[in-house]
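> Structure file input16.cif (mmCIF, C-alpha atoms) is given on the next line.
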```cif
data_upload
loop_
_atom_site.group_PDB
_atom_site.id
_atom_site.type_symbol
_atom_site.label_atom_id
_atom_site.label_comp_id
_atom_site.auth_asym_id
_atom_site.auth_seq_id
_atom_site.Cartn_x
_atom_site.Cartn_y
_atom_site.Cartn_z
ATOM 1 C CA MET A 232 0.000 0.000 0.000
ATOM 2 C CA GLU A 233 1.349 3.385 -0.957
ATOM 3 C CA THR A 234 1.235 6.116 1.617
ATOM 4 C CA VAL A 235 1.732 9.787 1.019
ATOM 5 C CA ALA A 236 2.830 11.915 3.922
ATOM 6 C CA SER A 237 0.465 14.791 4.520
ATOM 7 C CA SER A 238 1.037 18.324 5.673
ATOM 8 C CA GLY A 239 -1.430 17.719 8.487
ATOM 9 C CA SER A 240 -2.170 14.459 10.180
ATOM 10 C CA ALA A 241 -4.546 12.731 7.789
ATOM 11 C CA VAL A 242 -3.024 9.817 5.901
ATOM 12 C CA VAL A 243 -4.265 9.007 2.419
ATOM 13 C CA SER A 244 -3.526 5.556 1.014
ATOM 14 C CA LEU A 245 -4.627 3.206 -1.768
ATOM 15 C CA PRO A 246 -5.758 -0.275 -0.692
ATOM 16 C CA SER A 247 -6.615 -1.211 -4.298
ATOM 17 C CA ASP A 248 -7.077 0.199 -7.784
ATOM 18 C CA THR A 249 -10.623 1.350 -7.045
ATOM 19 C CA GLU A 250 -10.328 2.417 -3.410
ATOM 20 C CA ILE A 251 -9.017 5.368 -1.459
ATOM 21 C CA LEU A 252 -8.543 5.298 2.286
ATOM 22 C CA ILE A 253 -8.248 8.314 4.549
ATOM 23 C CA THR A 254 -7.138 7.720 8.138
ATOM 24 C CA ARG A 255 -7.079 10.294 10.938
ATOM 25 C CA GLU A 256 -6.894 10.097 14.717
ATOM 26 C CA PHE A 257 -8.948 12.371 16.937
ATOM 27 C CA ALA A 258 -8.458 13.209 20.609
ATOM 28 C CA ALA A 259 -12.071 12.414 21.433
ATOM 29 C CA PRO A 260 -14.203 9.355 22.096
ATOM 30 C CA ALA A 261 -15.937 7.667 19.153
ATOM 31 C CA HIS A 262 -19.461 8.739 20.081
ATOM 32 C CA LEU A 263 -18.467 12.403 19.759
ATOM 33 C CA VAL A 264 -16.821 11.902 16.355
ATOM 34 C CA TYR A 265 -19.961 10.060 15.283
ATOM 35 C CA LYS A 266 -22.080 12.916 16.564
ATOM 36 C CA ALA A 267 -20.002 15.460 14.611
ATOM 37 C CA PHE A 268 -20.578 13.482 11.389
ATOM 38 C CA THR A 269 -24.307 12.923 11.911
ATOM 39 C CA THR A 270 -25.588 16.215 13.358
ATOM 40 C CA PRO A 271 -26.372 18.889 10.713
ATOM 41 C CA GLU A 272 -25.450 21.877 12.916
ATOM 42 C CA LEU A 273 -22.067 20.293 13.637
ATOM 43 C CA VAL A 274 -21.374 19.239 10.033
ATOM 44 C CA LYS A 275 -21.962 22.872 9.032
ATOM 45 C CA ARG A 276 -19.113 23.875 11.305
ATOM 46 C CA TRP A 277 -16.362 21.667 9.896
ATOM 47 C CA TRP A 278 -17.185 20.355 6.405
ATOM 48 C CA SER A 279 -16.422 23.578 4.485
ATOM 49 C CA ALA A 280 -12.661 23.054 4.953
ATOM 50 C CA LYS A 281 -12.401 26.795 5.661
ATOM 51 C CA ARG A 282 -13.157 27.540 2.006
ATOM 52 C CA GLY A 283 -16.684 28.818 2.307
ATOM 53 C CA GLU A 284 -19.953 28.100 4.016
ATOM 54 C CA VAL A 285 -21.903 24.872 4.342
ATOM 55 C CA THR A 286 -25.404 25.921 3.308
ATOM 56 C CA ILE A 287 -27.192 22.568 3.481
ATOM 57 C CA ALA A 288 -26.477 19.541 5.675
ATOM 58 C CA GLU A 289 -29.469 17.225 5.392
ATOM 59 C CA ILE A 290 -29.105 13.945 7.245
ATOM 60 C CA ASP A 291 -31.865 11.344 7.396
ATOM 61 C CA LEU A 292 -29.919 8.872 9.496
ATOM 62 C CA ARG A 293 -31.599 5.533 8.860
ATOM 63 C CA VAL A 294 -30.968 2.723 6.400
ATOM 64 C CA GLY A 295 -32.406 3.915 3.079
ATOM 65 C CA GLY A 296 -32.445 7.509 4.336
ATOM 66 C CA LYS A 297 -30.984 10.247 2.166
ATOM 67 C CA TRP A 298 -28.296 12.825 2.855
ATOM 68 C CA ARG A 299 -27.289 15.958 0.988
ATOM 69 C CA TRP A 300 -24.470 18.343 1.877
ATOM 70 C CA VAL A 301 -23.891 21.587 -0.012
ATOM 71 C CA MET A 302 -21.260 24.232 0.425
ATOM 72 C CA VAL A 303 -20.712 27.542 -1.322
ATOM 73 C CA THR A 304 -17.061 28.493 -1.685
ATOM 74 C CA ASP A 305 -15.809 31.988 -0.937
ATOM 75 C CA ASP A 306 -15.718 32.719 -4.685
ATOM 76 C CA GLY A 307 -19.333 31.619 -5.109
ATOM 77 C CA PHE A 308 -18.903 28.105 -6.474
ATOM 78 C CA GLU A 309 -21.447 25.564 -5.231
ATOM 79 C CA VAL A 310 -20.154 22.097 -4.329
ATOM 80 C CA ALA A 311 -22.868 19.522 -3.624
ATOM 81 C CA PHE A 312 -22.894 15.838 -2.712
ATOM 82 C CA HIS A 313 -25.750 13.497 -1.916
ATOM 83 C CA GLY A 314 -26.366 9.841 -1.248
ATOM 84 C CA GLU A 315 -28.200 7.203 0.719
ATOM 85 C CA TYR A 316 -27.411 5.439 3.990
ATOM 86 C CA ARG A 317 -26.873 1.699 3.583
ATOM 87 C CA GLU A 318 -25.673 0.599 7.009
ATOM 88 C CA ILE A 319 -25.703 2.337 10.378
ATOM 89 C CA LYS A 320 -24.053 1.123 13.553
ATOM 90 C CA PRO A 321 -24.175 4.011 16.043
ATOM 91 C CA ASN A 322 -20.752 5.283 17.166
ATOM 92 C CA GLU A 323 -18.954 2.644 15.084
ATOM 93 C CA ARG A 324 -19.785 2.493 11.423
ATOM 94 C CA ILE A 325 -21.706 4.182 8.615
ATOM 95 C CA VAL A 326 -21.900 2.930 5.043
ATOM 96 C CA HIS A 327 -23.431 5.267 2.477
ATOM 97 C CA THR A 328 -23.394 6.084 -1.208
ATOM 98 C CA GLU A 329 -21.952 9.350 -2.476
ATOM 99 C CA VAL A 330 -22.690 11.248 -5.667
ATOM 100 C CA TYR A 331 -20.913 14.439 -6.679
ATOM 101 C CA GLU A 332 -23.577 16.634 -8.253
ATOM 102 C CA GLY A 333 -21.086 18.441 -10.476
ATOM 103 C CA ALA A 334 -20.745 15.372 -12.728
ATOM 104 C CA PRO A 335 -23.675 14.351 -14.965
ATOM 105 C CA GLY A 336 -24.968 10.806 -14.550
ATOM 106 C CA GLY A 337 -23.405 10.359 -11.130
ATOM 107 C CA ASP A 338 -26.498 8.681 -9.698
ATOM 108 C CA GLU A 339 -26.008 5.641 -11.941
ATOM 109 C CA ASN A 340 -22.543 5.037 -10.521
ATOM 110 C CA PRO A 341 -22.355 6.220 -6.940
ATOM 111 C CA ALA A 342 -19.232 5.702 -4.896
ATOM 112 C CA LEU A 343 -19.636 3.658 -1.723
ATOM 113 C CA ILE A 344 -18.222 5.207 1.420
ATOM 114 C CA THR A 345 -17.471 3.127 4.492
ATOM 115 C CA MET A 346 -16.683 5.084 7.624
ATOM 116 C CA ASN A 347 -15.360 3.274 10.665
ATOM 117 C CA LEU A 348 -14.574 4.566 14.141
ATOM 118 C CA ALA A 349 -12.236 2.695 16.487
ATOM 119 C CA GLU A 350 -11.860 4.056 20.003
ATOM 120 C CA LYS A 351 -8.883 3.365 22.256
ATOM 121 C CA ASP A 352 -8.018 5.152 25.502
ATOM 122 C CA GLY A 353 -10.435 7.964 24.748
ATOM 123 C CA ARG A 354 -8.966 8.575 21.291
ATOM 124 C CA THR A 355 -10.626 7.595 18.040
ATOM 125 C CA THR A 356 -9.179 6.484 14.742
ATOM 126 C CA LEU A 357 -11.416 7.420 11.843
ATOM 127 C CA THR A 358 -11.092 5.576 8.547
ATOM 128 C CA VAL A 359 -13.034 6.637 5.463
ATOM 129 C CA LEU A 360 -12.868 4.183 2.583
ATOM 130 C CA THR A 361 -14.133 5.385 -0.794
ATOM 131 C CA ALA A 362 -14.864 2.541 -3.218
ATOM 132 C CA MET A 363 -15.787 3.006 -6.845
ATOM 133 C CA ALA A 364 -18.318 0.349 -7.872
ATOM 134 C CA THR A 365 -17.593 0.137 -11.570
ATOM 135 C CA LYS A 366 -15.038 1.279 -14.045
ATOM 136 C CA GLU A 367 -17.731 3.590 -15.465
ATOM 137 C CA GLY A 368 -18.170 5.103 -12.042
ATOM 138 C CA ARG A 369 -14.472 5.475 -11.702
ATOM 139 C CA ASP A 370 -14.150 7.102 -15.106
ATOM 140 C CA LEU A 371 -16.995 9.444 -14.255
ATOM 141 C CA ILE A 372 -15.182 10.550 -11.160
ATOM 142 C CA LEU A 373 -11.997 10.777 -13.159
ATOM 143 C CA GLU A 374 -13.794 13.046 -15.607
ATOM 144 C CA SER A 375 -14.854 15.402 -12.849
ATOM 145 C CA GLY A 376 -11.343 15.379 -11.462
ATOM 146 C CA MET A 377 -12.408 13.639 -8.281
ATOM 147 C CA GLU A 378 -11.107 10.747 -6.248
ATOM 148 C CA ALA A 379 -10.320 8.196 -8.945
ATOM 149 C CA GLY A 380 -8.044 10.674 -10.622
ATOM 150 C CA MET A 381 -6.210 10.719 -7.368
ATOM 151 C CA GLN A 382 -5.643 6.961 -7.333
ATOM 152 C CA ASP A 383 -3.896 7.071 -10.641
ATOM 153 C CA ALA A 384 -2.068 10.154 -9.559
ATOM 154 C CA TYR A 385 -0.778 8.507 -6.415
ATOM 155 C CA GLU A 386 0.704 5.664 -8.366
ATOM 156 C CA LEU A 387 2.625 8.213 -10.331
ATOM 157 C CA LEU A 388 3.795 10.448 -7.524
ATOM 158 C CA GLU A 389 7.005 8.529 -7.313
ATOM 159 C CA GLU A 390 7.671 8.980 -11.002
ATOM 160 C CA VAL A 391 6.995 12.670 -10.623
ATOM 161 C CA ALA A 392 9.433 12.911 -7.779
ATOM 162 C CA ILE A 393 12.071 11.051 -9.751
ATOM 163 C CA SER A 394 11.641 12.946 -12.995
ATOM 164 C CA LEU A 395 11.489 16.390 -11.391
ATOM 165 C CA LYS A 396 14.785 15.906 -9.600
ATOM 166 C CA MET B 35 -14.325 18.171 -1.167
ATOM 167 C CA SER B 36 -11.562 19.295 -3.416
ATOM 168 C CA HIS B 37 -12.291 19.479 -7.115
ATOM 169 C CA MET B 38 -10.656 20.842 -10.193
ATOM 170 C CA ALA B 39 -12.341 21.471 -13.516
ATOM 171 C CA ARG B 40 -10.610 19.887 -16.449
ATOM 172 C CA ALA B 41 -11.296 19.253 -20.096
ATOM 173 C CA ALA B 42 -12.979 15.966 -20.994
ATOM 174 C CA THR B 43 -10.436 14.962 -23.566
ATOM 175 C CA THR B 44 -8.552 11.758 -24.215
ATOM 176 C CA THR B 45 -5.344 13.643 -24.632
ATOM 177 C CA ASP B 46 -4.639 14.961 -21.173
ATOM 178 C CA ALA B 47 -2.326 13.462 -18.593
ATOM 179 C CA PHE B 48 -5.206 12.254 -16.373
ATOM 180 C CA ASN B 49 -6.621 10.011 -19.068
ATOM 181 C CA ALA B 50 -3.237 8.955 -20.320
ATOM 182 C CA VAL B 51 -2.385 7.494 -16.916
ATOM 183 C CA ALA B 52 -5.839 5.952 -16.369
ATOM 184 C CA GLU B 53 -4.809 2.963 -18.506
ATOM 185 C CA PRO B 54 -2.944 0.298 -16.471
ATOM 186 C CA ARG B 55 -0.556 -0.653 -19.287
ATOM 187 C CA ARG B 56 0.448 2.946 -19.777
ATOM 188 C CA ARG B 57 1.122 3.281 -16.069
ATOM 189 C CA GLN B 58 3.241 0.160 -16.358
ATOM 190 C CA ILE B 59 5.241 1.761 -19.159
ATOM 191 C CA LEU B 60 5.771 4.853 -17.023
ATOM 192 C CA ASP B 61 6.845 2.638 -14.116
ATOM 193 C CA VAL B 62 9.479 1.007 -16.290
ATOM 194 C CA LEU B 63 10.673 4.314 -17.740
ATOM 195 C CA ALA B 64 10.868 5.786 -14.237
ATOM 196 C CA THR B 65 13.897 3.564 -13.683
ATOM 197 C CA GLY B 66 15.621 4.843 -16.821
ATOM 198 C CA GLU B 67 15.229 5.277 -20.585
ATOM 199 C CA ARG B 68 14.522 2.207 -22.725
ATOM 200 C CA PRO B 69 14.544 1.238 -26.377
ATOM 201 C CA VAL B 70 11.094 0.184 -27.532
ATOM 202 C CA ASN B 71 12.213 -3.465 -27.839
ATOM 203 C CA ASP B 72 13.057 -3.570 -24.126
ATOM 204 C CA LEU B 73 9.596 -2.245 -23.309
ATOM 205 C CA VAL B 74 8.019 -4.942 -25.443
ATOM 206 C CA LEU B 75 9.969 -7.600 -23.536
ATOM 207 C CA GLU B 76 9.313 -6.160 -20.074
ATOM 208 C CA LEU B 77 5.594 -5.663 -20.649
ATOM 209 C CA GLU B 78 5.136 -8.947 -22.488
ATOM 210 C CA LEU B 79 2.933 -7.192 -25.012
ATOM 211 C CA ALA B 80 2.967 -7.162 -28.798
ATOM 212 C CA GLN B 81 4.967 -4.346 -30.314
ATOM 213 C CA PRO B 82 1.952 -2.648 -32.004
ATOM 214 C CA GLN B 83 0.195 -2.410 -28.620
ATOM 215 C CA VAL B 84 3.242 -0.959 -26.937
ATOM 216 C CA SER B 85 3.641 1.511 -29.782
ATOM 217 C CA LYS B 86 -0.008 2.536 -29.474
ATOM 218 C CA HIS B 87 0.398 3.274 -25.769
ATOM 219 C CA LEU B 88 3.666 5.113 -26.375
ATOM 220 C CA LYS B 89 1.897 7.269 -28.948
ATOM 221 C CA VAL B 90 -0.732 8.340 -26.393
ATOM 222 C CA LEU B 91 1.962 9.041 -23.814
ATOM 223 C CA ARG B 92 3.907 11.096 -26.338
ATOM 224 C CA GLU B 93 0.814 13.096 -27.279
ATOM 225 C CA VAL B 94 0.435 14.333 -23.714
ATOM 226 C CA GLY B 95 4.177 14.800 -23.353
ATOM 227 C CA LEU B 96 4.678 12.115 -20.707
ATOM 228 C CA VAL B 97 7.366 10.370 -22.729
ATOM 229 C CA GLU B 98 9.982 11.714 -25.101
ATOM 230 C CA VAL B 99 11.795 9.817 -27.800
ATOM 231 C CA ARG B 100 15.217 10.046 -29.386
ATOM 232 C CA ASP B 101 16.860 8.035 -32.122
ATOM 233 C CA GLU B 102 19.951 6.099 -31.238
ATOM 234 C CA GLY B 103 21.283 4.432 -34.331
ATOM 235 C CA ARG B 104 18.431 2.268 -35.597
ATOM 236 C CA GLN B 105 16.681 2.242 -32.228
ATOM 237 C CA ARG B 106 14.050 4.555 -30.830
ATOM 238 C CA VAL B 107 14.757 5.225 -27.161
ATOM 239 C CA TYR B 108 11.988 6.422 -24.856
ATOM 240 C CA ARG B 109 12.287 8.333 -21.614
ATOM 241 C CA LEU B 110 9.891 9.706 -19.019
ATOM 242 C CA ASN B 111 9.009 13.361 -18.700
ATOM 243 C CA GLY B 112 7.155 14.019 -15.451
ATOM 244 C CA ARG B 113 6.187 17.651 -16.109
ATOM 245 C CA PRO B 114 2.654 16.898 -17.377
ATOM 246 C CA LEU B 115 2.037 15.080 -14.087
ATOM 247 C CA GLN B 116 2.629 18.217 -12.066
ATOM 248 C CA PRO B 117 -1.061 19.312 -12.218
ATOM 249 C CA ILE B 118 -2.139 15.871 -10.958
ATOM 250 C CA HIS B 119 0.419 16.076 -8.214
ATOM 251 C CA ASP B 120 -0.815 19.552 -7.249
ATOM 252 C CA TRP B 121 -4.401 18.378 -7.298
ATOM 253 C CA VAL B 122 -3.665 15.423 -4.998
ATOM 254 C CA ARG B 123 -1.988 17.788 -2.560
ATOM 255 C CA GLU B 124 -5.025 20.027 -2.711
ATOM 256 C CA TYR B 125 -7.346 17.093 -1.980
ATOM 257 C CA GLU B 126 -5.244 16.130 1.008
ATOM 258 C CA ARG B 127 -5.114 19.723 2.231
ATOM 259 C CA THR B 128 -8.908 19.994 1.995
ATOM 260 C CA TRP B 129 -9.352 16.982 4.234
ATOM 261 C CA ASN B 130 -6.749 18.186 6.693
ATOM 262 C CA GLU B 131 -8.457 21.556 7.010
ATOM 263 C CA ARG B 132 -11.780 19.829 7.446
ATOM 264 C CA PHE B 133 -10.341 17.638 10.198
ATOM 265 C CA ASP B 134 -8.702 20.625 11.897
ATOM 266 C CA SER B 135 -12.123 22.271 12.129
ATOM 267 C CA LEU B 136 -13.549 18.974 13.350
ATOM 268 C CA ASP B 137 -10.917 18.918 16.129
ATOM 269 C CA GLN B 138 -12.319 22.214 17.411
ATOM 270 C CA VAL B 139 -15.891 20.941 17.296
ATOM 271 C CA LEU B 140 -14.863 17.795 19.193
ATOM 272 C CA GLU B 141 -13.018 19.821 21.824
ATOM 273 C CA GLU B 142 -16.210 21.755 22.501
ATOM 274 C CA LEU B 143 -18.324 18.611 22.617
ATOM 275 C CA LYS B 144 -15.888 17.073 25.090
ATOM 276 C CA LYS B 145 -15.991 20.107 27.384
ATOM 277 C CA LYS B 146 -19.760 20.189 27.218
ATOM 278 C CA GLU B 147 -19.966 16.508 28.110
ATOM 279 C CA GLU B 148 -17.480 16.819 30.970
ATOM 280 C CA GLY B 149 -19.446 19.817 32.237
ATOM 281 C CA ASN B 150 -22.622 17.774 32.221
ATOM 282 C CA GLY B 151 -20.848 14.919 33.997
ATOM 283 C CA ASN B 152 -19.540 17.197 36.760
ATOM 284 C CA SER B 153 -22.968 18.610 37.408
ATOM 285 C CA GLY B 154 -24.244 15.078 37.940
ATOM 286 C CA LYS B 155 -26.441 14.913 34.822
#
```
What does this structure look like when you write it as structure tokens?

Amino acid sequence: METVASSGSAVVSLPSDTEILITREFAAPAHLVYKAFTTPELVKRWWSAKRGEVTIAEIDLRVGGKWRWVMVTDDGFEVAFHGEYREIKPNERIVHTEVYEGAPGGDENPALITMNLAEKDGRTTLTVLTAMATKEGRDLILESGMEAGMQDAYELLEEVAISLK
Amino acid sequence: MSHMARAATTTDAFNAVAEPRRRQILDVLATGERPVNDLVLELELAQPQVSKHLKVLREVGLVEVRDEGRQRVYRLNGRPLQPIHDWVREYERTWNERFDSLDQVLEELKKKEEGNGNSGK
């Protein structure tokens, strides 16, 4: 598995050709991390990545329930994602689909996100696994310059480093 | 989530590296330049296929070619990958900033919970 050191503390890695894994430890128990991911008022406070404002954070937290998160960047660009919850294990695990609304036809090939929380000594390790279901889905994401583009890019980071020397 | 608009064309670096065989060629060339015959042997592919992939890679500038006697020698040029590299960094930065904000939210939630605990609730 390739690992790319980050400027912060999140680690991004590639378990397979169609998956991306983000890992990050938090100094808080799992039930609070879970709460921050599943409570609209809290999502609005962190999901914008300091680039704008989260305008919509709809969360219907039940299997089959829908979610939709929208942010407007400081330069007025709207970034929207939506999906459906597939599996919910309070304070431990959420599986849901994810569609980037900026790419046409995304609903036919949603990515599947598996979020796991593992608590130890009051600290929690969050893992977010993004899995592309089909090659079409992957290509779609590649077209919109999203995650799949990153997988290919990661495989080539080493080449970049070598050739830019 | 981080995103970057880009042209939907078959001749940009993103699409060029989306093909596993082409990535394999780049992997081989990353260790040093190779005549096309060596690439054919290392990839265990027919020469026309290798040539086809090399053509795509040349079109986006990922490989360069020079003639050495009767041989055509290929080498890697990483410059076209720079935008991908930058974009990956941006993606990672987005998530780190998100998580930094989340740290603050969690700190508040913790204090609130401890406060409740101390007051016997």
> When the PyMOL selection byres ((chain A and resi 278) around 10) is applied to the structure above, which residues does it catch, written out as a count of residues only?
26
> Once you count all atoms listed in the file, which residues end up no further than 12 Å from (-1.0, -1.8, -20.6) in the file's frame, shown as a PyMOL selection string?
chain B and resi 50-62+73-74+76-88+90-91
> Using all atoms listed in the file, which protein or nucleic acid residues come within 7 Å of Leu263 in chain A? Drop anything in the same chain fewer than 3 positions from it, and give the result as an NGL selection string.
(:A and (259-260 or 266-267)) or (:B and (140 or 143))
> Take the residues from that selection and write them out as a PDB file, in the frame of the given file, keeping C-alpha atoms.

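For reference, part-v4.pdb as written:
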```pdb
ATOM      1  CA  ALA A 259     -12.071  12.414  21.433  1.00  0.00           C
ATOM      2  CA  PRO A 260     -14.203   9.355  22.096  1.00  0.00           C
ATOM      3  CA  LYS A 266     -22.080  12.916  16.564  1.00  0.00           C
ATOM      4  CA  ALA A 267     -20.002  15.460  14.611  1.00  0.00           C
TER       5      ALA A 267
ATOM      6  CA  LEU B 140     -14.863  17.795  19.193  1.00  0.00           C
ATOM      7  CA  LEU B 143     -18.324  18.611  22.617  1.00  0.00           C
TER       8      LEU B 143
END
```
> Do a neighbour search on Arg104 in chain B at 12 Å with all atoms listed in the file, toss out local chain neighbours closer than 4 positions, and write the hits as an MDAnalysis selection string.
chainID B and resid 69:71 100
> Apply the PyMOL selection byres ((chain A and resi 294-298) around 8) to the displayed file and report the matching residues as a PyMOL selection string.
chain A and resi 288-293+299-300+313-319
> Using only C-alpha atoms, which of B:Val107, B:Leu75, B:Val97, B:Val139 sits nearest chain A?
B:Val139
> Which one of B:Glu126, B:Glu148, B:Glu142, B:Glu93 sits closest to chain A if you count all atoms listed in the file?
B:Glu126
> Which neighbours of range 343-351 of chain A fall inside 7 Å, counting all atoms listed in the file, when residues of the same chain fewer than 6 positions from it are skipped, and could you give them as a ChimeraX atom specification?
/A:260-261,322-329,357-363
> Kindly give the distance, in Å, that separates CA of His262 in chain A and CA of Phe312 in chain A, rounded to a single decimal.
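Computed distance, CA of His262 in chain A to CA of Phe312 in chain A, equals 24.1 Å.
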> Can you measure CA of Asn111 in chain B to CA of Leu96 in chain B for me? One decimal in Å is fine.
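Computed distance, CA of Asn111 in chain B to CA of Leu96 in chain B, equals 4.9 Å.
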> What is the distance between CA of Pro321 in chain A and CA of Val264 in chain A, in Å to one decimal?
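Distance between the two atoms: 10.8 Å.
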> Since fewer atoms than expected are present, regenerate N, CA and C atoms for range 289-314 of chain A and write them as a compact mmCIF listing (two decimals), keeping the file's coordinate frame.

```txt
# COMPACT_ATOMS: atom_id res chain seq x y z
N GLU A 289 -28.29 18.06 5.12
CA GLU A 289 -29.47 17.23 5.39
C GLU A 289 -29.01 15.81 5.71
N ILE A 290 -29.51 15.29 6.81
CA ILE A 290 -29.10 13.94 7.24
C ILE A 290 -30.33 13.18 7.75
N ASP A 291 -30.76 12.20 6.97
CA ASP A 291 -31.86 11.34 7.40
C ASP A 291 -31.25 10.01 7.79
N LEU A 292 -30.78 9.96 9.03
CA LEU A 292 -29.92 8.87 9.50
C LEU A 292 -30.69 7.58 9.80
N ARG A 293 -31.00 6.87 8.75
CA ARG A 293 -31.60 5.53 8.86
C ARG A 293 -31.28 4.81 7.56
N VAL A 294 -31.28 3.49 7.60
CA VAL A 294 -30.97 2.72 6.40
C VAL A 294 -31.99 3.06 5.32
N GLY A 295 -31.52 3.47 4.15
CA GLY A 295 -32.41 3.92 3.08
C GLY A 295 -32.66 5.41 3.12
N GLY A 296 -32.27 6.05 4.20
CA GLY A 296 -32.44 7.51 4.34
C GLY A 296 -31.45 8.26 3.47
N LYS A 297 -31.84 9.47 3.06
CA LYS A 297 -30.98 10.25 2.17
C LYS A 297 -30.18 11.31 2.93
N TRP A 298 -29.07 11.69 2.32
CA TRP A 298 -28.30 12.82 2.86
C TRP A 298 -27.92 13.74 1.71
N ARG A 299 -27.75 15.01 2.01
CA ARG A 299 -27.29 15.96 0.99
C ARG A 299 -26.55 17.10 1.68
N TRP A 300 -25.30 17.29 1.30
CA TRP A 300 -24.47 18.34 1.88
C TRP A 300 -24.05 19.29 0.75
N VAL A 301 -24.22 20.58 1.00
CA VAL A 301 -23.89 21.59 -0.01
C VAL A 301 -23.05 22.68 0.62
N MET A 302 -22.01 23.07 -0.05
CA MET A 302 -21.26 24.23 0.42
C MET A 302 -21.08 25.22 -0.72
N VAL A 303 -20.98 26.50 -0.34
CA VAL A 303 -20.71 27.54 -1.32
C VAL A 303 -19.34 28.12 -0.98
N THR A 304 -18.43 28.02 -1.94
CA THR A 304 -17.06 28.49 -1.68
C THR A 304 -17.03 30.02 -1.62
N ASP A 305 -15.94 30.54 -1.10
CA ASP A 305 -15.81 31.99 -0.94
C ASP A 305 -15.93 32.72 -2.27
N ASP A 306 -15.56 32.06 -3.38
CA ASP A 306 -15.72 32.72 -4.68
C ASP A 306 -17.03 32.33 -5.38
N GLY A 307 -17.97 31.80 -4.60
CA GLY A 307 -19.33 31.62 -5.11
C GLY A 307 -19.63 30.32 -5.83
N PHE A 308 -18.69 29.39 -5.80
CA PHE A 308 -18.90 28.10 -6.47
C PHE A 308 -19.63 27.13 -5.55
N GLU A 309 -20.69 26.50 -6.07
CA GLU A 309 -21.45 25.56 -5.23
C GLU A 309 -20.92 24.14 -5.41
N VAL A 310 -20.63 23.48 -4.31
CA VAL A 310 -20.15 22.10 -4.33
C VAL A 310 -21.16 21.25 -3.57
N ALA A 311 -21.80 20.30 -4.27
CA ALA A 311 -22.87 19.52 -3.62
C ALA A 311 -22.66 18.02 -3.79
N PHE A 312 -22.96 17.30 -2.71
CA PHE A 312 -22.89 15.84 -2.71
C PHE A 312 -24.19 15.30 -2.11
N HIS A 313 -24.62 14.14 -2.57
CA HIS A 313 -25.75 13.50 -1.92
C HIS A 313 -25.59 11.99 -1.99
N GLY A 314 -26.44 11.30 -1.24
CA GLY A 314 -26.37 9.84 -1.25
C GLY A 314 -27.41 9.25 -0.32
```
